[in-house]
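Here is the structure we will look at, set down as structure tokens.
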Amino acid sequence: MVSVIYKSFLGNSPNWFKVAILSFLLLSFPLMQVFGVVAAGWAFIGMFILTLAMALKCYPLQSGGLLAIAVLLLGLTSPETVWSEVQDNLGVILLLVFMVSFIYFMQPLLVFIFGKILIKVENKVVLSLMFSIAAAVLSAFLDALTVTAVLITVFIALYGVYEKVHSSMAVDYDKDGVFDRQELGGESLEHFRAFLRSLVMHGVIGTALGGVATLVGEPQNLLIGEKLEWDFLTFAAEVSHVSIPAFLAGLLVVIFVELTGTFGFGIKLDSHTRSILKGYIEQENAKRTQKEIYALIVQAICAVLLILGLAFHVMEVGLIGLVLLVVVTAFTGITEEARIGHAFEESLPFVSLLVIFFVIVGMIHDQHLFTPVIQWVLSLPIEQQPKAFFLANGILSAISDNVFVATVYINEVMTAYQSGDISREHLDALAVAINTGTNLPSVATPNGQAAFLFLLTSALAPAIRLGYMKMVIMALPYTIVLTLVGYFSQSVIM
């Protein structure tokens, strides 16, 4: 019976991981008693990061959820704190539930558009720049999570096209003859996965390049802007001395890694695979019925409405997603509950994981784990503080939640300003440091930004073999360059 219990615990996860989780859960209370709550809190953060790193072997909801339950049982945070975090992030939760589900019904249009781009643009550097720039521009004016959801949907659909061809007994799409599926397996499949990995990483990091630049780019931007009473144009102007160099530097990274083929980039779509995919897409286009053409038109109209709705912020992002979900399904005849239910399969596991993440964030808040760092930065000479704030925010955001880190820091500096300890000019400089610090260096890890974590735990990640450490390695050149550019671009207040 004991053997059955052990084998059932966390399913097919590696044995060492099962032992690590069980051992930590058993030792967490003695650890807290011996070393104190601060040490225990940091140990829980380290273990939670481990559960994220193992996402391809064991979805973090279970392993991370057990850690979160232990945090609550040990009193390191309270249900009230967690509920407060959930309420504060209700907009993000609704975005994931409704917007991601709406994007699911846009798959035919997205495959139609991006399939043509993928086939026609043969230069990998140009293609990578297109994805990076498009993601950055859209994130600056729309929402990084929404853009990431679009990217995930696009690449899942494109990978699905490859699998459809691969699963066929024979493929007759190339002028040179018939190819059996073995020719699309093995090395060709691995190359295709690497090709998609590189594009999606350029795209998702592009959301950070654009998200840092405007008031609506990331949730913490809006928080900072409201505290300092910056409107859209003022915010963009205040951060431009950091955001513009960072954007240009990010594009140079794209060119560098693609030309050198380093850090997992540089893989091109081979001509053999391209011709087969091209043949499949052309055949599908030729077979498209009047009903399917009409559905594409409805989806295109919804895409325009999405851009307008997000650009003018007519309502909360999640509610825009719900409205468009209703419109696209109503006008394309999708009324069966089972078909609609599939649209929510991608988002709801991540929403559950996000709530688990809020337990860890609540623990950081209740145990004041970041307070010593804040106090140290504020004790530095005034001319050093912007750069120190940038680095401190970047490091903490990479292991925690950038919205939470920004909230803590901006409240601290606002208190210092209101008490007369710092000038308005210095407050502005620190606010820019907090904004850029929580947006740029946080690309280092998947837990640095919600969009990255969403990608890691999506159905796309296992399909293209994109694990935690793979994301860290592929993001490394961006992390180094964006951190250096952001650091040296900070204002120096004398």
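Convention: chains lettered A, B, ... in structure tokens order; per-chain residue numbering from 1; ligands numbered from 1 as shown.
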
Applying 10 Å and only C-alpha atoms, which residues near A:Arg193 remain after dropping the ones on its own chain fewer than 2 positions away? List them as a count of residues only.
16

I'd like to know which residues of stretch 127-251 of chain A are helix (DSSP H, G or I) (by DSSP, run on the backbone); could you write them as JSON, numbers by chain?
{"A": [127, 128, 129, 130, 131, 132, 133, 134, 135, 136, 137, 138, 139, 140, 141, 144, 145, 146, 147, 148, 149, 150, 151, 152, 153, 154, 155, 156, 157, 158, 159, 160, 161, 162, 163, 164, 165, 166, 167, 181, 182, 183, 184, 186, 187, 188, 189, 190, 191, 192, 193, 194, 195, 196, 197, 198, 199, 200, 201, 202, 203, 204, 205, 206, 207, 208, 209, 210, 211, 219, 220, 221, 222, 223, 224, 225, 226, 227, 228, 232, 233, 234, 235, 236, 237, 238, 239, 240, 241, 242, 243, 244, 245, 246, 247, 248, 249, 250, 251]}

I want to know what sits within 12 Å of A:Val403, based on only C-alpha atoms, with residues of the same chain fewer than 2 positions away left out; could you give that as a compact mmCIF listing (two decimals) with N, CA and C atoms, in the first residue's frame?
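Okay, out-v3.txt is ready:
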# COMPACT_ATOMS: atom_id res chain seq x y z
N GLU A 85 -4.83 39.54 -2.35
CA GLU A 85 -4.01 39.47 -3.57
C GLU A 85 -4.87 39.08 -4.77
N ASP A 88 -6.93 42.07 -5.78
CA ASP A 88 -6.09 43.07 -6.44
C ASP A 88 -5.74 42.67 -7.87
N ASN A 89 -5.74 41.37 -8.15
CA ASN A 89 -5.35 40.87 -9.46
C ASN A 89 -6.54 40.29 -10.23
N VAL A 92 -6.36 40.62 -14.01
CA VAL A 92 -5.48 39.66 -14.70
C VAL A 92 -6.18 38.30 -14.81
N GLU A 218 2.11 47.33 -18.99
CA GLU A 218 2.11 46.31 -17.93
C GLU A 218 1.28 46.83 -16.76
N PRO A 219 0.72 45.93 -15.95
CA PRO A 219 -0.11 46.37 -14.82
C PRO A 219 0.61 47.30 -13.85
N GLN A 220 1.91 47.04 -13.58
CA GLN A 220 2.63 47.89 -12.63
C GLN A 220 2.87 49.29 -13.19
N ASN A 221 2.90 49.41 -14.53
CA ASN A 221 3.05 50.74 -15.13
C ASN A 221 1.88 51.63 -14.75
N LEU A 222 0.68 51.06 -14.85
CA LEU A 222 -0.53 51.81 -14.52
C LEU A 222 -0.53 52.21 -13.05
N LEU A 223 -0.08 51.31 -12.19
CA LEU A 223 0.01 51.59 -10.75
C LEU A 223 0.96 52.76 -10.50
N ILE A 224 2.14 52.70 -11.12
CA ILE A 224 3.13 53.76 -10.93
C ILE A 224 2.62 55.08 -11.49
N PHE A 358 -0.06 33.60 -5.71
CA PHE A 358 -0.44 34.69 -4.82
C PHE A 358 -0.21 34.32 -3.35
N VAL A 361 3.37 35.18 -2.87
CA VAL A 361 3.46 36.64 -2.83
C VAL A 361 2.95 37.17 -1.50
N ASN A 393 15.06 46.06 -8.00
CA ASN A 393 13.75 45.68 -8.56
C ASN A 393 13.89 44.55 -9.57
N GLY A 394 14.95 44.60 -10.37
CA GLY A 394 15.16 43.58 -11.38
C GLY A 394 15.41 42.22 -10.77
N LEU A 396 14.65 41.14 -7.67
CA LEU A 396 13.48 40.66 -6.93
C LEU A 396 12.35 40.27 -7.88
N SER A 397 12.20 41.01 -8.99
CA SER A 397 11.15 40.69 -9.95
C SER A 397 11.42 39.37 -10.65
N ALA A 398 12.71 39.06 -10.85
CA ALA A 398 13.07 37.81 -11.53
C ALA A 398 12.73 36.58 -10.70
N SER A 400 10.26 36.82 -8.11
CA SER A 400 8.94 37.02 -7.51
C SER A 400 7.96 37.48 -8.58
N ASP A 401 7.11 38.41 -8.22
CA ASP A 401 6.10 38.95 -9.13
C ASP A 401 6.39 40.43 -9.33
N VAL A 405 6.42 43.58 -6.57
CA VAL A 405 7.66 44.30 -6.27
C VAL A 405 7.47 45.79 -6.52
N ALA A 406 6.86 46.13 -7.64
CA ALA A 406 6.62 47.54 -7.96
C ALA A 406 5.72 48.20 -6.93
N THR A 407 4.69 47.47 -6.49
CA THR A 407 3.77 48.00 -5.48
C THR A 407 4.50 48.34 -4.19
N VAL A 408 5.34 47.40 -3.73
CA VAL A 408 6.09 47.61 -2.49
C VAL A 408 7.01 48.82 -2.60
N TYR A 409 7.77 48.88 -3.70
CA TYR A 409 8.77 49.94 -3.85
C TYR A 409 8.15 51.32 -4.06
N ILE A 410 7.12 51.39 -4.89
CA ILE A 410 6.53 52.71 -5.17
C ILE A 410 5.85 53.26 -3.93
N ILE A 434 11.99 52.05 -10.88
CA ILE A 434 11.12 50.96 -10.44
C ILE A 434 10.40 50.34 -11.64
N ASN A 435 9.87 51.20 -12.52
CA ASN A 435 9.15 50.71 -13.69
C ASN A 435 10.05 49.89 -14.60
N THR A 436 11.20 50.45 -14.95
CA THR A 436 12.09 49.75 -15.88
C THR A 436 12.76 48.54 -15.21
N GLY A 437 13.00 48.63 -13.91
CA GLY A 437 13.60 47.51 -13.20
C GLY A 437 12.68 46.30 -13.13
N THR A 438 11.40 46.55 -12.98
CA THR A 438 10.45 45.43 -12.91
C THR A 438 10.07 44.90 -14.29
N ASN A 439 10.44 45.60 -15.34
CA ASN A 439 10.09 45.18 -16.70
C ASN A 439 11.24 44.56 -17.48
N SER A 442 13.62 41.41 -15.44
CA SER A 442 12.73 40.31 -15.08
C SER A 442 12.52 39.31 -16.21
N ASN A 447 9.30 33.13 -14.10
CA ASN A 447 8.46 33.66 -13.04
C ASN A 447 8.60 35.17 -12.90
N GLY A 448 9.41 35.79 -13.75
CA GLY A 448 9.58 37.24 -13.68
C GLY A 448 8.38 38.02 -14.16
N GLN A 449 7.67 37.48 -15.14
CA GLN A 449 6.49 38.16 -15.68
C GLN A 449 5.39 37.14 -15.93
N ALA A 450 4.15 37.57 -15.73
CA ALA A 450 3.01 36.66 -15.91
C ALA A 450 2.96 36.09 -17.33

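When only C-alpha atoms are used to measure the gap to A:Phe98, the shortest distance among A:Phe155, A:Phe344, A:Phe141, A:Phe131 belongs to A:Phe344.
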
Neighbour list for A:Gln385 as a VMD selection string, cut-off 10 Å, only C-alpha atoms, skip fewer than 2 positions in-chain
chain A and resid 376 to 383 387 to 391 426 429 to 430 433 490 to 493

Written selection (N, CA and C atoms) as a PDB file, in the first residue's frame:
ATOM      1  N   TRP A 376      18.044  49.066   2.464  1.00  0.00           N
ATOM      2  CA  TRP A 376      19.443  49.239   2.037  1.00  0.00           C
ATOM      3  C   TRP A 376      19.528  50.226   0.883  1.00  0.00           C
ATOM      4  N   VAL A 377      18.635  50.091  -0.098  1.00  0.00           N
ATOM      5  CA  VAL A 377      18.664  50.986  -1.258  1.00  0.00           C
ATOM      6  C   VAL A 377      18.402  52.429  -0.829  1.00  0.00           C
ATOM      7  N   LEU A 378      17.429  52.640   0.055  1.00  0.00           N
ATOM      8  CA  LEU A 378      17.097  53.991   0.505  1.00  0.00           C
ATOM      9  C   LEU A 378      18.187  54.604   1.377  1.00  0.00           C
ATOM     10  N   SER A 379      19.082  53.758   1.891  1.00  0.00           N
ATOM     11  CA  SER A 379      20.178  54.273   2.724  1.00  0.00           C
ATOM     12  C   SER A 379      21.384  54.715   1.893  1.00  0.00           C
ATOM     13  N   LEU A 380      21.368  54.389   0.593  1.00  0.00           N
ATOM     14  CA  LEU A 380      22.492  54.745  -0.272  1.00  0.00           C
ATOM     15  C   LEU A 380      22.507  56.250  -0.543  1.00  0.00           C
ATOM     16  N   PRO A 381      23.666  56.786  -0.962  1.00  0.00           N
ATOM     17  CA  PRO A 381      23.715  58.197  -1.372  1.00  0.00           C
ATOM     18  C   PRO A 381      22.691  58.457  -2.473  1.00  0.00           C
ATOM     19  N   ILE A 382      22.097  59.633  -2.466  1.00  0.00           N
ATOM     20  CA  ILE A 382      20.963  59.929  -3.340  1.00  0.00           C
ATOM     21  C   ILE A 382      21.294  59.755  -4.820  1.00  0.00           C
ATOM     22  N   GLU A 383      22.540  60.059  -5.221  1.00  0.00           N
ATOM     23  CA  GLU A 383      22.893  59.944  -6.641  1.00  0.00           C
ATOM     24  C   GLU A 383      23.001  58.488  -7.107  1.00  0.00           C
ATOM     25  N   LYS A 387      19.968  53.825  -9.933  1.00  0.00           N
ATOM     26  CA  LYS A 387      20.578  52.608 -10.465  1.00  0.00           C
ATOM     27  C   LYS A 387      20.425  51.442  -9.495  1.00  0.00           C
ATOM     28  N   ALA A 388      20.548  51.731  -8.197  1.00  0.00           N
ATOM     29  CA  ALA A 388      20.382  50.670  -7.198  1.00  0.00           C
ATOM     30  C   ALA A 388      18.934  50.168  -7.181  1.00  0.00           C
ATOM     31  N   PHE A 389      17.970  51.085  -7.306  1.00  0.00           N
ATOM     32  CA  PHE A 389      16.561  50.684  -7.375  1.00  0.00           C
ATOM     33  C   PHE A 389      16.314  49.808  -8.602  1.00  0.00           C
ATOM     34  N   PHE A 390      16.904  50.174  -9.719  1.00  0.00           N
ATOM     35  CA  PHE A 390      16.746  49.399 -10.946  1.00  0.00           C
ATOM     36  C   PHE A 390      17.217  47.967 -10.751  1.00  0.00           C
ATOM     37  N   LEU A 391      18.438  47.813 -10.201  1.00  0.00           N
ATOM     38  CA  LEU A 391      18.977  46.469  -9.994  1.00  0.00           C
ATOM     39  C   LEU A 391      18.190  45.686  -8.954  1.00  0.00           C
ATOM     40  N   HIS A 426      13.579  63.690  -7.700  1.00  0.00           N
ATOM     41  CA  HIS A 426      14.143  62.405  -7.299  1.00  0.00           C
ATOM     42  C   HIS A 426      13.073  61.320  -7.301  1.00  0.00           C
ATOM     43  N   ALA A 429      12.644  60.115 -10.831  1.00  0.00           N
ATOM     44  CA  ALA A 429      13.756  59.258 -11.246  1.00  0.00           C
ATOM     45  C   ALA A 429      13.632  57.858 -10.648  1.00  0.00           C
ATOM     46  N   LEU A 430      13.221  57.790  -9.367  1.00  0.00           N
ATOM     47  CA  LEU A 430      13.055  56.492  -8.718  1.00  0.00           C
ATOM     48  C   LEU A 430      11.880  55.721  -9.306  1.00  0.00           C
ATOM     49  N   ALA A 433      13.038  54.151 -12.402  1.00  0.00           N
ATOM     50  CA  ALA A 433      13.895  53.012 -12.052  1.00  0.00           C
ATOM     51  C   ALA A 433      13.063  51.803 -11.633  1.00  0.00           C
ATOM     52  N   GLN A 490      19.706  55.037 -16.428  1.00  0.00           N
ATOM     53  CA  GLN A 490      19.008  55.662 -15.302  1.00  0.00           C
ATOM     54  C   GLN A 490      19.517  57.089 -15.062  1.00  0.00           C
ATOM     55  N   SER A 491      18.599  57.954 -14.643  1.00  0.00           N
ATOM     56  CA  SER A 491      18.974  59.344 -14.348  1.00  0.00           C
ATOM     57  C   SER A 491      19.855  59.396 -13.110  1.00  0.00           C
ATOM     58  N   VAL A 492      20.799  60.297 -13.118  1.00  0.00           N
ATOM     59  CA  VAL A 492      21.655  60.516 -11.951  1.00  0.00           C
ATOM     60  C   VAL A 492      21.222  61.838 -11.306  1.00  0.00           C
ATOM     61  N   ILE A 493      20.719  61.763 -10.077  1.00  0.00           N
ATOM     62  CA  ILE A 493      20.237  62.949  -9.355  1.00  0.00           C
ATOM     63  C   ILE A 493      21.312  63.421  -8.401  1.00  0.00           C
TER      64      ILE A 493
END

Set the distance at 9 Å and use only C-alpha atoms: which residues neighbour stretch 9-25 of chain A once local chain neighbours fewer than 6 positions away are removed? I'd like the list as a PyMOL selection string.
chain A and resi 44+47+51+54+57-58+62-63+66-67+70

Mind dumping a table of every stretch 84-104 of chain A residue within 7 Å of stretch 317-337 of chain A, with the nearest atom pair and its distance in Å to one decimal, using only C-alpha atoms, sorted by chain and rising number, as a tab-separated table?
residue	atom	partner	partner_atom	distance
A:Gly91	CA	A:Gly318	CA	6.4
A:Leu94	CA	A:Gly318	CA	4.6
A:Leu95	CA	A:Gly318	CA	3.7
A:Phe98	CA	A:Gly321	CA	5.1
A:Met99	CA	A:Gly321	CA	4.0
A:Phe102	CA	A:Leu325	CA	4.6

Tell me, as a ChimeraX atom specification, which residues lie within 8 Å of A:Ser458, counting only C-alpha atoms; anything in the same chain fewer than 4 positions away does not count.
/A:152,346,350,454,462

Dump N, CA and C atoms for the selected residues as a PDB file, in the first residue's frame?
ATOM      1  N   ILE A 152       0.956  32.238 -28.431  1.00  0.00           N
ATOM      2  CA  ILE A 152       0.792  30.825 -28.066  1.00  0.00           C
ATOM      3  C   ILE A 152      -0.204  30.149 -29.001  1.00  0.00           C
ATOM      4  N   GLU A 346      -7.064  25.933 -21.847  1.00  0.00           N
ATOM      5  CA  GLU A 346      -5.708  26.472 -21.791  1.00  0.00           C
ATOM      6  C   GLU A 346      -5.521  27.421 -20.617  1.00  0.00           C
ATOM      7  N   PHE A 350      -3.751  27.604 -15.636  1.00  0.00           N
ATOM      8  CA  PHE A 350      -2.822  28.686 -15.297  1.00  0.00           C
ATOM      9  C   PHE A 350      -3.435  29.643 -14.281  1.00  0.00           C
ATOM     10  N   PHE A 454       2.986  32.186 -18.198  1.00  0.00           N
ATOM     11  CA  PHE A 454       1.883  31.645 -18.990  1.00  0.00           C
ATOM     12  C   PHE A 454       2.424  30.804 -20.144  1.00  0.00           C
ATOM     13  N   PRO A 462       5.484  22.126 -23.789  1.00  0.00           N
ATOM     14  CA  PRO A 462       5.937  20.734 -23.955  1.00  0.00           C
ATOM     15  C   PRO A 462       6.014  20.304 -25.413  1.00  0.00           C
TER      16      PRO A 462
END

Tell me which of A:Leu482, A:Leu306, A:Leu476, A:Pro446 sits closest to A:Asp143, counting only C-alpha atoms.
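Among the listed residues, A:Leu306 lies closest to A:Asp143.
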
Please provide the set of residues having any atom within 10 Å of A:Glu282, restricted to only C-alpha atoms, with same-chain residues fewer than 4 positions apart removed, written as a PyMOL selection string.
chain A and resi 115-116+173+276-278+286-288

Within stretch 59-182 of chain A, find each residue whose DSSP state, derived from the backbone, is strand (DSSP E or B), and express the selection as an MDAnalysis selection string.
chainID A and resid 170:174 177:180

Rank nothing, just name the residue among A:Thr214, A:Val413, A:Thr260, A:Gly250 nearest to A:Phe235, using only C-alpha atoms.
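For A:Phe235, the nearest of the given residues is A:Thr214.
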